[in-house]
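Data from query_31.cif: mmCIF, C-alpha atoms
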data_my_file
loop_
_atom_site.group_PDB
_atom_site.id
_atom_site.type_symbol
_atom_site.label_atom_id
_atom_site.label_comp_id
_atom_site.auth_asym_id
_atom_site.auth_seq_id
_atom_site.Cartn_x
_atom_site.Cartn_y
_atom_site.Cartn_z
ATOM 1 C CA MET A 700 0.143 -60.454 53.568
ATOM 2 C CA ARG A 701 -2.371 -57.692 53.578
ATOM 3 C CA GLY A 702 0.303 -55.002 54.063
ATOM 4 C CA LEU A 703 2.430 -56.392 51.271
ATOM 5 C CA SER A 704 -0.559 -56.470 49.005
ATOM 6 C CA LEU A 705 -1.342 -52.815 49.762
ATOM 7 C CA ARG A 706 2.261 -51.818 49.083
ATOM 8 C CA PHE A 707 2.201 -53.805 45.904
ATOM 9 C CA ARG A 708 -0.993 -52.045 44.787
ATOM 10 C CA ARG A 709 0.494 -48.631 45.582
ATOM 11 C CA GLU A 710 3.646 -49.422 43.654
ATOM 12 C CA LYS A 711 1.623 -50.663 40.726
ATOM 13 C CA ARG A 712 -0.545 -47.532 40.711
ATOM 14 C CA SER A 713 2.472 -45.234 40.861
ATOM 15 C CA ARG A 714 4.174 -47.255 38.086
ATOM 16 C CA ASN A 715 1.052 -46.928 35.952
ATOM 17 C CA LEU A 716 0.904 -43.198 36.611
ATOM 18 C CA ARG A 717 4.564 -42.818 35.614
ATOM 19 C CA ARG A 718 3.940 -44.813 32.450
ATOM 20 C CA ALA A 719 0.879 -42.714 31.574
ATOM 21 C CA ALA A 720 2.831 -39.479 32.160
ATOM 22 C CA ALA A 721 5.732 -40.711 30.029
ATOM 23 C CA LEU A 722 3.319 -41.771 27.284
ATOM 24 C CA ALA A 723 1.568 -38.368 27.335
ATOM 25 C CA LEU A 724 4.936 -36.589 27.183
ATOM 26 C CA GLY A 725 6.055 -38.757 24.293
ATOM 27 C CA LEU A 726 2.832 -38.202 22.354
ATOM 28 C CA GLY A 727 3.051 -34.459 22.997
ATOM 29 C CA ALA A 728 6.632 -34.332 21.733
ATOM 30 C CA LEU A 729 5.676 -36.310 18.630
ATOM 31 C CA ALA A 730 2.725 -33.986 17.914
ATOM 32 C CA GLY A 731 4.988 -30.965 18.352
ATOM 33 C CA LEU A 732 7.571 -32.390 15.996
ATOM 34 C CA GLY A 733 4.882 -33.303 13.477
ATOM 35 C CA ALA A 734 3.471 -29.757 13.526
ATOM 36 C CA GLY A 735 6.941 -28.285 13.120
ATOM 37 C CA PHE A 736 8.032 -30.448 10.207
ATOM 38 C CA GLY A 737 7.387 -29.139 6.741
ATOM 39 C CA ARG A 738 6.861 -25.553 7.855
ATOM 40 C CA THR A 739 9.707 -23.472 6.487
ATOM 41 C CA GLU A 740 8.002 -20.079 6.629
ATOM 42 C CA PRO A 741 5.960 -18.397 9.355
ATOM 43 C CA ARG A 742 2.215 -19.002 9.450
ATOM 44 C CA ARG A 743 0.397 -16.318 7.484
ATOM 45 C CA ASN A 744 -3.131 -15.048 7.631
ATOM 46 C CA ALA A 745 -5.690 -17.078 5.748
ATOM 47 C CA ALA A 746 -7.458 -13.982 4.399
ATOM 48 C CA PRO A 747 -5.523 -12.283 1.587
ATOM 49 C CA LEU A 748 -4.758 -8.600 2.042
ATOM 50 C CA MET A 749 -7.297 -6.190 0.570
ATOM 51 C CA ALA A 750 -5.175 -3.077 -0.008
ATOM 52 C CA MET A 751 -5.935 -1.337 -3.296
ATOM 53 C CA VAL A 752 -2.909 -0.797 -5.535
ATOM 54 C CA PRO A 753 -3.017 2.661 -7.168
ATOM 55 C CA THR A 754 -3.652 3.005 -10.887
ATOM 56 C CA ALA A 755 -1.613 5.275 -13.142
ATOM 57 C CA ASP A 756 -4.331 7.949 -13.290
ATOM 58 C CA ALA A 757 -4.802 8.205 -9.506
ATOM 59 C CA PRO A 758 -4.261 11.847 -8.417
ATOM 60 C CA VAL A 759 -1.595 12.796 -5.873
ATOM 61 C CA PHE A 760 -4.259 14.204 -3.544
ATOM 62 C CA GLU A 761 -8.017 14.049 -3.864
ATOM 63 C CA PRO A 762 -9.740 16.010 -1.077
ATOM 64 C CA ASP A 763 -12.966 14.864 0.533
ATOM 65 C CA SER A 764 -14.131 18.427 0.021
ATOM 66 C CA GLY A 765 -12.642 21.647 -1.293
ATOM 67 C CA LEU A 766 -10.189 22.384 -4.078
ATOM 68 C CA VAL A 767 -6.666 21.322 -4.952
ATOM 69 C CA ARG A 768 -4.094 22.991 -7.171
ATOM 70 C CA THR A 769 -0.544 22.056 -8.085
ATOM 71 C CA LEU A 770 1.679 25.042 -7.363
ATOM 72 C CA PRO A 771 4.547 26.087 -9.642
ATOM 73 C CA GLY A 772 7.095 24.454 -7.355
ATOM 74 C CA GLY A 773 5.207 21.146 -7.487
ATOM 75 C CA ALA A 774 3.566 21.490 -4.067
ATOM 76 C CA ILE A 775 -0.107 20.607 -3.685
ATOM 77 C CA ALA A 776 -2.206 23.463 -2.333
ATOM 78 C CA ILE A 777 -5.382 22.411 -0.568
ATOM 79 C CA ASN A 778 -8.212 24.854 -0.087
ATOM 80 C CA SER A 779 -10.299 22.703 2.178
ATOM 81 C CA GLY A 780 -13.943 23.657 2.041
ATOM 82 C CA GLY A 781 -15.268 21.379 4.730
ATOM 83 C CA ARG A 782 -13.977 22.209 8.168
ATOM 84 C CA SER A 783 -15.657 20.772 11.166
ATOM 85 C CA MET B 744 3.870 -13.200 -63.854
ATOM 86 C CA LYS B 745 2.137 -15.583 -61.450
ATOM 87 C CA ALA B 746 5.336 -16.060 -59.482
ATOM 88 C CA LYS B 747 5.691 -12.306 -59.195
ATOM 89 C CA ARG B 748 2.150 -11.990 -57.791
ATOM 90 C CA THR B 749 2.810 -14.749 -55.281
ATOM 91 C CA GLY B 750 5.973 -12.995 -54.207
ATOM 92 C CA LEU B 751 4.107 -9.725 -53.711
ATOM 93 C CA PHE B 752 1.412 -11.510 -51.702
ATOM 94 C CA LEU B 753 4.008 -13.137 -49.472
ATOM 95 C CA ALA B 754 5.858 -9.862 -49.041
ATOM 96 C CA ALA B 755 2.629 -8.260 -47.801
ATOM 97 C CA ALA B 756 1.389 -11.211 -45.725
ATOM 98 C CA ILE B 757 4.570 -12.137 -43.832
ATOM 99 C CA PRO B 758 4.923 -8.838 -41.890
ATOM 100 C CA LEU B 759 1.208 -9.004 -41.071
ATOM 101 C CA LEU B 760 1.539 -12.565 -39.791
ATOM 102 C CA ILE B 761 4.567 -11.604 -37.707
ATOM 103 C CA SER B 762 2.821 -8.549 -36.223
ATOM 104 C CA ALA B 763 -0.292 -10.543 -35.256
ATOM 105 C CA GLN B 764 1.091 -12.277 -32.178
ATOM 106 C CA GLU B 765 -0.643 -15.365 -30.918
ATOM 107 C CA LEU B 766 -2.712 -15.048 -27.753
ATOM 108 C CA VAL B 767 -1.653 -16.953 -24.671
ATOM 109 C CA THR B 768 -3.468 -17.562 -21.380
ATOM 110 C CA PHE B 769 -1.866 -17.549 -17.959
ATOM 111 C CA LYS B 770 -3.539 -18.364 -14.666
ATOM 112 C CA VAL B 771 -1.975 -16.607 -11.689
ATOM 113 C CA ALA B 772 -3.204 -17.597 -8.215
ATOM 114 C CA LEU B 773 -2.432 -14.968 -5.569
ATOM 115 C CA LYS B 774 -1.248 -16.007 -2.104
ATOM 116 C CA TYR B 775 -1.026 -12.770 -0.168
ATOM 117 C CA ARG B 776 -3.285 -10.276 -1.944
ATOM 118 C CA ASP B 777 -6.975 -10.203 -2.733
ATOM 119 C CA VAL B 778 -7.456 -10.217 -6.517
ATOM 120 C CA ARG B 779 -9.839 -7.246 -6.239
ATOM 121 C CA SER B 780 -7.033 -5.077 -4.857
ATOM 122 C CA VAL B 781 -4.788 -5.544 -7.923
ATOM 123 C CA ILE B 782 -7.217 -6.000 -10.819
ATOM 124 C CA ALA B 783 -7.436 -2.290 -11.747
ATOM 125 C CA ARG B 784 -3.649 -1.966 -11.884
ATOM 126 C CA VAL B 785 -3.149 -5.224 -13.825
ATOM 127 C CA SER B 786 -5.844 -4.234 -16.342
ATOM 128 C CA GLU B 787 -3.684 -1.246 -17.270
ATOM 129 C CA GLU B 788 -1.100 -3.665 -18.674
ATOM 130 C CA ALA B 789 -3.620 -5.350 -21.012
ATOM 131 C CA GLY B 790 -3.370 -4.718 -24.735
ATOM 132 C CA PRO B 791 -6.286 -3.990 -27.106
ATOM 133 C CA ARG B 792 -6.828 -7.713 -27.671
ATOM 134 C CA GLY B 793 -6.214 -8.645 -24.057
ATOM 135 C CA GLN B 794 -8.752 -9.997 -21.631
ATOM 136 C CA ILE B 795 -8.367 -10.308 -17.889
ATOM 137 C CA THR B 796 -10.766 -12.465 -15.890
ATOM 138 C CA VAL B 797 -11.025 -12.862 -12.129
ATOM 139 C CA ASP B 798 -11.803 -16.052 -10.219
ATOM 140 C CA ARG B 799 -12.642 -14.724 -6.766
ATOM 141 C CA ALA B 800 -13.244 -18.134 -5.226
ATOM 142 C CA ALA B 801 -9.746 -19.305 -6.154
ATOM 143 C CA ASN B 802 -8.268 -15.799 -5.682
ATOM 144 C CA ALA B 803 -6.788 -16.144 -9.182
ATOM 145 C CA ILE B 804 -6.501 -14.034 -12.314
ATOM 146 C CA TYR B 805 -6.610 -15.333 -15.903
ATOM 147 C CA ILE B 806 -4.631 -13.260 -18.379
ATOM 148 C CA ASN B 807 -5.393 -13.801 -22.054
ATOM 149 C CA ASP B 808 -3.255 -11.538 -24.200
ATOM 150 C CA GLU B 809 -0.394 -11.349 -26.665
ATOM 151 C CA LYS B 810 2.594 -13.125 -25.188
ATOM 152 C CA PRO B 811 4.809 -10.121 -24.274
ATOM 153 C CA ARG B 812 1.908 -8.272 -22.648
ATOM 154 C CA ALA B 813 0.664 -11.376 -20.820
ATOM 155 C CA GLU B 814 4.165 -12.021 -19.500
ATOM 156 C CA ALA B 815 4.464 -8.388 -18.393
ATOM 157 C CA ALA B 816 1.142 -8.689 -16.530
ATOM 158 C CA ARG B 817 2.279 -11.936 -14.915
ATOM 159 C CA ALA B 818 5.550 -10.313 -13.811
ATOM 160 C CA LEU B 819 3.588 -7.382 -12.370
ATOM 161 C CA LEU B 820 1.379 -9.773 -10.394
ATOM 162 C CA ALA B 821 4.453 -11.555 -9.054
ATOM 163 C CA ALA B 822 5.807 -8.189 -7.860
ATOM 164 C CA LEU B 823 2.490 -7.222 -6.258
ATOM 165 C CA ASP B 824 1.744 -10.560 -4.557
ATOM 166 C CA VAL B 825 3.962 -10.237 -1.485
ATOM 167 C CA PRO B 826 3.128 -9.862 2.223
ATOM 168 C CA ALA B 827 2.218 -6.372 3.425
ATOM 169 C CA ARG B 828 5.165 -4.019 3.160
ATOM 170 C CA ARG B 829 6.061 -1.571 5.901
ATOM 171 C CA PHE B 830 6.878 2.090 5.439
ATOM 172 C CA ALA B 831 8.313 4.913 7.489
ATOM 173 C CA LEU B 832 6.234 7.967 6.656
ATOM 174 C CA GLN B 833 8.463 10.960 7.314
ATOM 175 C CA ALA B 834 6.433 14.097 8.036
ATOM 176 C CA ARG B 835 7.943 17.575 8.199
ATOM 177 C CA PHE B 836 5.538 20.219 9.374
ATOM 178 C CA SER B 837 6.048 23.988 9.146
ATOM 179 C CA LEU B 838 3.777 26.735 10.350
ATOM 180 C CA TYR B 839 3.670 30.093 8.550
ATOM 181 C CA ASN B 840 2.236 33.334 9.753
ATOM 182 C CA ALA B 841 1.020 35.384 6.800
ATOM 183 C CA PRO B 842 -0.293 38.943 6.929
ATOM 184 C CA LYS B 843 -4.066 38.870 6.958
ATOM 185 C CA LYS B 844 -4.383 40.860 3.759
ATOM 186 C CA THR B 845 -2.553 38.099 1.810
ATOM 187 C CA GLY B 846 -5.542 35.813 2.231
ATOM 188 C CA LEU B 847 -3.311 32.842 1.598
ATOM 189 C CA LEU B 848 -5.279 30.013 -0.034
ATOM 190 C CA ARG B 849 -8.570 31.474 1.088
ATOM 191 C CA ASP B 850 -9.791 32.093 -2.450
ATOM 192 C CA GLU B 851 -9.171 30.110 -5.577
ATOM 193 C CA PRO B 852 -7.316 32.859 -7.536
ATOM 194 C CA LEU B 853 -4.906 33.216 -4.648
ATOM 195 C CA PHE B 854 -3.682 29.626 -4.780
ATOM 196 C CA THR B 855 -0.403 30.684 -6.358
ATOM 197 C CA ASP B 856 0.249 33.104 -3.489
ATOM 198 C CA ALA B 857 1.244 30.137 -1.371
ATOM 199 C CA ALA B 858 4.250 29.294 -3.557
ATOM 200 C CA SER B 859 5.667 32.813 -3.653
ATOM 201 C CA PHE B 860 4.864 33.468 -0.015
ATOM 202 C CA MET B 861 6.514 30.284 1.252
ATOM 203 C CA ALA B 862 9.511 30.765 -1.037
ATOM 204 C CA HIS B 863 10.247 34.154 0.506
ATOM 205 C CA THR B 864 9.189 33.598 4.090
ATOM 206 C CA ALA B 865 10.755 31.557 6.847
ATOM 207 C CA PRO B 866 8.360 29.371 8.826
ATOM 208 C CA THR B 867 7.499 30.513 12.313
ATOM 209 C CA ALA B 868 7.962 26.975 13.631
ATOM 210 C CA SER B 869 8.829 23.503 12.299
ATOM 211 C CA ALA B 870 8.822 19.929 13.547
ATOM 212 C CA GLU B 871 9.509 16.414 12.259
ATOM 213 C CA GLN B 872 7.833 13.120 13.001
ATOM 214 C CA VAL B 873 7.984 9.588 11.561
ATOM 215 C CA LEU B 874 4.952 7.303 11.344
ATOM 216 C CA ASP B 875 5.381 3.540 11.084
ATOM 217 C CA ILE B 876 2.714 2.244 8.710
ATOM 218 C CA ALA B 877 2.035 -0.990 6.826
ATOM 219 C CA GLU B 878 0.000 -1.629 3.684
ATOM 220 C CA GLY B 879 -3.626 -1.985 4.760
ATOM 221 C CA GLY B 880 -2.852 -0.436 8.158
ATOM 222 C CA SER B 881 -3.375 2.898 9.853
ATOM 223 C CA SER B 882 -1.221 5.171 11.942
ATOM 224 C CA GLN B 883 -1.419 8.578 13.521
ATOM 225 C CA ALA B 884 0.990 10.917 15.260
ATOM 226 C CA GLU B 885 1.233 14.463 16.490
ATOM 227 C CA VAL B 886 3.445 16.088 13.841
ATOM 228 C CA PHE B 887 3.458 19.420 15.654
ATOM 229 C CA PRO B 888 1.974 20.470 18.993
ATOM 230 C CA GLY B 889 -1.776 20.561 18.345
ATOM 231 C CA PHE B 890 -1.572 19.011 14.848
ATOM 232 C CA THR B 891 -2.261 15.312 14.309
ATOM 233 C CA LEU B 892 -1.600 13.462 11.064
ATOM 234 C CA ARG B 893 -3.776 10.399 10.395
ATOM 235 C CA ALA B 894 -2.874 8.028 7.593
ATOM 236 C CA SER B 895 -4.500 4.813 6.323
ATOM 237 C CA ALA B 896 -2.246 3.088 3.821
ATOM 238 C CA GLU B 897 -3.532 1.072 0.892
ATOM 239 C CA GLY B 898 -1.452 -0.893 -1.614
ATOM 240 C CA TYR B 899 2.019 -0.136 -2.958
ATOM 241 C CA ASP B 900 2.960 -0.435 -6.608
ATOM 242 C CA PRO B 901 6.680 -1.390 -6.741
ATOM 243 C CA THR B 902 6.866 -0.855 -10.514
ATOM 244 C CA LYS B 903 5.743 2.787 -10.248
ATOM 245 C CA ARG B 904 7.033 3.170 -6.665
ATOM 246 C CA ARG B 905 3.806 4.774 -5.459
ATOM 247 C CA LEU B 906 1.974 4.177 -2.193
ATOM 248 C CA ALA B 907 -1.775 4.780 -2.004
ATOM 249 C CA PHE B 908 -3.584 6.158 1.036
ATOM 250 C CA SER B 909 -7.319 5.658 1.443
ATOM 251 C CA GLY B 910 -7.258 8.417 4.034
ATOM 252 C CA LEU B 911 -4.770 11.161 4.752
ATOM 253 C CA SER B 912 -5.902 13.888 7.089
ATOM 254 C CA LEU B 913 -4.415 16.643 9.186
ATOM 255 C CA LEU B 914 -6.363 17.587 12.280
ATOM 256 C CA ARG B 915 -5.924 20.574 14.536
ATOM 257 C CA GLU B 916 -6.739 20.403 18.213
ATOM 258 C CA SER B 917 -7.814 23.635 19.803
ATOM 259 C CA GLY B 918 -9.719 24.780 22.828
ATOM 260 C CA SER B 919 -13.017 24.648 20.929
ATOM 261 C CA GLY B 920 -12.447 21.099 19.658
ATOM 262 C CA THR B 921 -10.911 19.331 16.664
ATOM 263 C CA ALA B 922 -10.884 20.931 13.222
ATOM 264 C CA THR B 923 -9.935 19.212 9.959
ATOM 265 C CA VAL B 924 -7.244 21.156 8.106
ATOM 266 C CA PHE B 925 -7.501 18.790 5.149
ATOM 267 C CA SER B 926 -8.690 15.266 4.497
ATOM 268 C CA GLY B 927 -8.737 13.059 1.423
ATOM 269 C CA ARG B 928 -7.202 10.231 -0.596
ATOM 270 C CA ALA B 929 -3.581 10.368 -1.724
ATOM 271 C CA VAL B 930 -0.993 8.551 -3.817
ATOM 272 C CA LEU B 931 2.552 9.474 -2.821
ATOM 273 C CA PRO B 932 5.819 8.573 -4.545
ATOM 274 C CA GLU B 933 8.101 6.396 -2.417
ATOM 275 C CA GLY B 934 11.390 7.985 -1.397
ATOM 276 C CA GLU B 935 10.380 11.435 -2.646
ATOM 277 C CA PRO B 936 8.816 14.277 -0.672
ATOM 278 C CA THR B 937 5.318 15.470 -1.533
ATOM 279 C CA VAL B 938 4.521 18.927 -0.220
ATOM 280 C CA LEU B 939 0.996 19.787 0.849
ATOM 281 C CA VAL B 940 0.149 23.347 1.817
ATOM 282 C CA ALA B 941 -3.070 24.487 3.395
ATOM 283 C CA SER B 942 -4.486 27.553 5.047
ATOM 284 C CA LEU B 943 -5.658 27.262 8.590
ATOM 285 C CA GLU B 944 -8.914 28.443 10.040
ATOM 286 C CA ALA B 945 -7.285 31.655 11.131
ATOM 287 C CA ALA B 946 -6.642 33.421 7.815
ATOM 288 C CA ALA B 947 -3.285 34.645 9.056
ATOM 289 C CA GLU B 948 -1.821 31.154 9.361
ATOM 290 C CA SER B 949 -0.988 28.452 6.884
ATOM 291 C CA CYS B 950 0.954 25.238 7.099
ATOM 292 C CA ARG B 951 3.278 23.197 4.932
ATOM 293 C CA LEU B 952 3.470 19.432 5.315
ATOM 294 C CA SER B 953 6.169 17.466 3.498
ATOM 295 C CA LEU B 954 5.486 13.721 3.393
ATOM 296 C CA THR B 955 8.003 11.074 2.297
ATOM 297 C CA PRO B 956 7.056 7.396 2.495
ATOM 298 C CA VAL B 957 10.206 5.277 2.735
ATOM 299 C CA LEU B 958 9.989 1.523 2.162
ATOM 300 C CA ILE B 959 11.428 -0.461 5.071
ATOM 301 C CA PRO B 960 13.295 -3.471 3.643
ATOM 302 C CA ASP B 961 11.999 -6.821 4.861
ATOM 303 C CA ALA B 962 14.910 -8.708 6.442
ATOM 304 C CA ASN B 963 13.071 -12.039 6.030
ATOM 305 C CA ALA B 964 12.176 -11.524 2.354
ATOM 306 C CA LYS B 965 13.510 -14.200 0.024
ATOM 307 C CA GLU B 966 15.203 -13.187 -3.187
ATOM 308 C CA ARG B 967 13.121 -14.054 -6.185
ATOM 309 C CA PRO B 968 14.985 -16.259 -8.690
#

How would this structure read if it were set down as structure tokens?
Amino acid sequence: MRGLSLRFRREKRSRNLRRAAALALGLGALAGLGAGFGRTEPRRNAAPLMAMVPTADAPVFEPDSGLVRTLPGGAIAINSGGRS
Amino acid sequence: MKAKRTGLFLAAAIPLLISAQELVTFKVALKYRDVRSVIARVSEEAGPRGQITVDRAANAIYINDEKPRAEAARALLAALDVPARRFALQARFSLYNAPKKTGLLRDEPLFTDAASFMAHTAPTASAEQVLDIAEGGSSQAEVFPGFTLRASAEGYDPTKRRLAFSGLSLLRESGSGTATVFSGRAVLPEGEPTVLVASLEAAAESCRLSLTPVLIPDANAKERP
């Protein structure tokens, strides 16, 4: 009787473990499906991009130091004053 | 007589009434861009009666202007409010060896020497390099042995096709360390080369850098209706 009871307890424990594993798998799959539904585009950053758009009067090149001239051919000549 | 006066009054008033367009207000909430990054550009579209207000908390812009101008500003915002675009910055570098007496670019009156000199002289060496850069990102590459180009891209205006750089610098590595050939802010036209010429520390040398930012099309971008 005692042996049967032990076997019974072992079987019950293993059955419970299987049930718990199946339940966890099922819940995980449901959560995954729930997170996937409704998202049609990739996740984007929460912070919007801070990248200044140039205005019409912004010069082609504005040196940190030195002088700039537009050459007859349209090239920008830079006479850089600050060399380190 | 009275009817004639009324007719004259109407003839004068109707064109005035037509020309004075009613003001409309649009609220545009931005998804991808910070309102501060586009406000200066959008303000350029405002008319003399227009008013543009920013709601930083909601990242939204209120446009109050005559209808055509307000709609133009709204369309501009729609064009600007997209995820960061990517560009291939094509850099072509050429090195010139000028006679010392030319003093190329050393003094202000000699600026124009660069154009005539480079038009009639073949470069001693040339190289090409492409930098992959995104709006708001930075990139650097060796455009020629010993010369490094550093670029920090800002925003792109698709209506004017111009890409801003908060930093664009050419550095030269030598035995004594790193020297800055030039450094500054730039706004370059997309798809067109911009040529920058500069003298190097050794008066006998100067360089020519041609930069062309090319917009890389986004394969995942959705067509706007």

* To do: Apply the PyMOL selection byres ((chain B) within 6 of (chain A)) to the structure shown and report the selected residues as a PyMOL selection string.
  => chain B and resi 775-777+780-781+784+848+879+897-900+907+922-923+925-930+938-941

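From CA of Arg905 (chain B) back to CA of Gly793 (chain B), the distance works out to 25.0 Å.
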
* Asked: So how far away is CA of Leu906 (chain B) from CA of Gln794 (chain B), in Å?
  -> 26.3 Å

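Taking CA of Ala772 (chain B) and CA of Ala818 (chain B) as the two end points, the separation is 12.7 Å.
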
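The smallest atom-to-atom distance between Ala815 (chain B) and any of B:Gly790, B:Gly918, B:Val924, B:Leu931, using all atoms listed in the file, is found for B:Gly790.
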
* To do: Excluding Phe836 (chain B) and any residue of its chain fewer than 6 positions from it, enumerate the residues within 6 Å of it, using all atoms listed in the file, and give them as a VMD selection string.
  => chain B and resid 869 to 870 951 to 952

Mind telling me what the PyMOL selection byres ((chain B and resi 949) around 7) catches here, as a compact mmCIF listing (two decimals) with C-alpha atoms, in the frame of the given file?
# COMPACT_ATOMS: atom_id res chain seq x y z
CA LEU B 838 3.78 26.74 10.35
CA TYR B 839 3.67 30.09 8.55
CA ASN B 840 2.24 33.33 9.75
CA ALA B 941 -3.07 24.49 3.40
CA SER B 942 -4.49 27.55 5.05
CA LEU B 943 -5.66 27.26 8.59
CA ALA B 947 -3.28 34.65 9.06
CA GLU B 948 -1.82 31.15 9.36
CA CYS B 950 0.95 25.24 7.10

* To do: Can you turn the PyMOL selection byres ((chain B and resi 937) around 6) into a concrete residue list for this file, as a ChimeraX atom specification?
  => /B:936,938,953-954

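The nearest approach to Asn807 (chain B) among the residues B:Val771, B:Leu766, B:Val785, B:Leu892, with only C-alpha atoms taken into account, belongs to B:Leu766.
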
Report, as AutoDock Vina command-line options, the centre and edge lengths in Å (one decimal) of the axis-aligned box enclosing every listed atom of region 905-911 of chain B, padded by 6 Å on each side.
--center_x -1.8 --center_y 7.7 --center_z -0.4 --size_x 23.1 --size_y 19.0 --size_z 22.2

Please produce region 770-781 of chain A, completed to N, CA and C atoms, as a tab-separated table (two decimals), keeping the file's coordinate frame.
chain	number	residue	atom	x	y	z
A	770	LEU	N	0.98	23.76	-7.32
A	770	LEU	CA	1.68	25.04	-7.36
A	770	LEU	C	2.89	24.95	-8.28
A	771	PRO	N	3.40	26.10	-8.73
A	771	PRO	CA	4.55	26.09	-9.64
A	771	PRO	C	5.73	25.25	-9.15
A	772	GLY	N	5.98	25.25	-7.88
A	772	GLY	CA	7.10	24.45	-7.36
A	772	GLY	C	6.80	22.97	-7.24
A	773	GLY	N	5.57	22.55	-7.56
A	773	GLY	CA	5.21	21.15	-7.49
A	773	GLY	C	4.43	20.80	-6.23
A	774	ALA	N	4.32	21.76	-5.30
A	774	ALA	CA	3.57	21.49	-4.07
A	774	ALA	C	2.07	21.44	-4.37
A	775	ILE	N	1.34	20.72	-3.54
A	775	ILE	CA	-0.11	20.61	-3.68
A	775	ILE	C	-0.75	21.57	-2.69
A	776	ALA	N	-1.51	22.52	-3.21
A	776	ALA	CA	-2.21	23.46	-2.33
A	776	ALA	C	-3.63	22.98	-2.13
A	777	ILE	N	-4.05	22.92	-0.89
A	777	ILE	CA	-5.38	22.41	-0.57
A	777	ILE	C	-6.20	23.55	0.04
A	778	ASN	N	-7.29	23.87	-0.62
A	778	ASN	CA	-8.21	24.85	-0.09
A	778	ASN	C	-9.42	24.08	0.42
A	779	SER	N	-9.29	23.62	1.63
A	779	SER	CA	-10.30	22.70	2.18
A	779	SER	C	-11.60	23.46	2.47
A	780	GLY	N	-12.65	23.00	1.84
A	780	GLY	CA	-13.94	23.66	2.04
A	780	GLY	C	-14.63	23.21	3.31
A	781	GLY	N	-14.52	21.93	3.59
A	781	GLY	CA	-15.27	21.38	4.73
A	781	GLY	C	-14.45	21.32	5.99
